[in-house]
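Read the structure below first, then the notes.
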Amino acid sequence: KHAPLDPDGTLVVLDASLDRSARVRLRAFVRDGGRLVAGGKDAGRGIAPPAPPWRPSGPPVARAAVPVAETRALTTVQSAGAGSFSSAGSTLPVLGGPEGSLLNVASVGRGRALLLADAAPLQNRLLARADDAALALALAGPPQRPVAFAESVHGFGERSGLAALPARWKVALLVGVLAALLWLGSRARRFGPPEEPGG
């Protein structure tokens, strides 16, 4: 069951491979006034057609090319250099470098689509670099807009109990249980008399 999308909010969808029905919902969300932050190689597909063509390399350091609301407070943004848009499509390139654009924007109906060719600037590993944190805040929009993250597209959906734990936690839990059993085994009382020395 799909949660309703509030067009008064901002929805963040990063590195997702979405089916056609999900893209139709996202386009309707933006058209009705929603703010979409989409990142990754399929960021613009089905949202602002024709989508800007994506390529698997890009500027490791991007600079503002057009002074829109999302770039006015930025000097440089650091990315992983893992993607860029090679041309605009129906969008406006606003942040990038000679290797291509990192951020393109598009007005769709009453809403706004913000397309990141490489989602790395919004990830923890780069958020403290250059103006990446300022970019994240600018993409979220005005403070009164609630921000939601579409995690179900990454498999974080209706899970509970042990199934809800990340795989690394499950391994750590299993190792902990085995260590506890080994410790109990080493502390257990031996049966039978002790062996004679040298015997």
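We name chains A, B, ... following the order of the structure tokens; residues begin at 1 in each chain, and ligands are numbered from 1 as shown.
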Within 6 Å of range 140-149 of chain A using only C-alpha atoms, minus same-chain residues under 3 positions, as a list in words
Gly9, Thr10, Leu11, Val12 and Leu137 of chain A
Could the residues in this selection be written to a file with all heavy atoms, as a JSON list (two decimals), in the first residue's frame?
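File produced: result-v2.json:
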[["chain", "number", "residue", "atom", "x", "y", "z"],
["A", 9, "GLY", "N", 4.88, 19.12, 0.75],
["A", 9, "GLY", "CA", 6.15, 18.67, 1.31],
["A", 9, "GLY", "C", 7.22, 18.47, 0.26],
["A", 9, "GLY", "O", 7.02, 18.72, -0.94],
["A", 10, "THR", "N", 8.38, 18.02, 0.75],
["A", 10, "THR", "CA", 9.53, 17.69, -0.11],
["A", 10, "THR", "C", 9.76, 16.20, 0.01],
["A", 10, "THR", "O", 9.82, 15.65, 1.12],
["A", 10, "THR", "CB", 10.79, 18.45, 0.35],
["A", 10, "THR", "OG1", 10.55, 19.86, 0.22],
["A", 10, "THR", "CG2", 12.00, 18.06, -0.48],
["A", 11, "LEU", "N", 9.90, 15.52, -1.11],
["A", 11, "LEU", "CA", 10.17, 14.09, -1.12],
["A", 11, "LEU", "C", 11.56, 13.85, -1.69],
["A", 11, "LEU", "O", 11.90, 14.37, -2.76],
["A", 11, "LEU", "CB", 9.13, 13.36, -1.98],
["A", 11, "LEU", "CG", 9.29, 11.84, -2.08],
["A", 11, "LEU", "CD1", 9.10, 11.17, -0.72],
["A", 11, "LEU", "CD2", 8.31, 11.26, -3.09],
["A", 12, "VAL", "N", 12.37, 13.07, -0.97],
["A", 12, "VAL", "CA", 13.75, 12.76, -1.39],
["A", 12, "VAL", "C", 13.80, 11.31, -1.84],
["A", 12, "VAL", "O", 13.47, 10.40, -1.07],
["A", 12, "VAL", "CB", 14.74, 13.01, -0.24],
["A", 12, "VAL", "CG1", 16.17, 12.71, -0.70],
["A", 12, "VAL", "CG2", 14.63, 14.44, 0.28],
["A", 137, "LEU", "N", 20.30, 21.55, 2.60],
["A", 137, "LEU", "CA", 19.27, 22.42, 3.18],
["A", 137, "LEU", "C", 18.52, 23.18, 2.09],
["A", 137, "LEU", "O", 17.29, 23.33, 2.15],
["A", 137, "LEU", "CB", 19.91, 23.42, 4.15],
["A", 137, "LEU", "CG", 20.42, 22.83, 5.46],
["A", 137, "LEU", "CD1", 21.16, 23.89, 6.26],
["A", 137, "LEU", "CD2", 19.26, 22.26, 6.28]]
Report, in Å to a single decimal, how far apart CA of Ala128 in chain A and CA of Val77 in chain A are.
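About the pair CA of Val77 in chain A and CA of Ala128 in chain A: they are 10.3 Å apart.
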List the spatial neighbours of Thr71 in chain A as a PyMOL selection string - criterion: any atom at most 10 Å away, only C-alpha atoms, same-chain residues fewer than 5 positions off excluded.
chain A and resi 63-66+76-77+94-95+103+131+134-135+138-139
Quick one: pick out all alpha helix (DSSP H) residues within range 2-139 of chain A from a backbone DSSP run and write them as an MDAnalysis selection string.
chainID A and resid 20:31 132:139
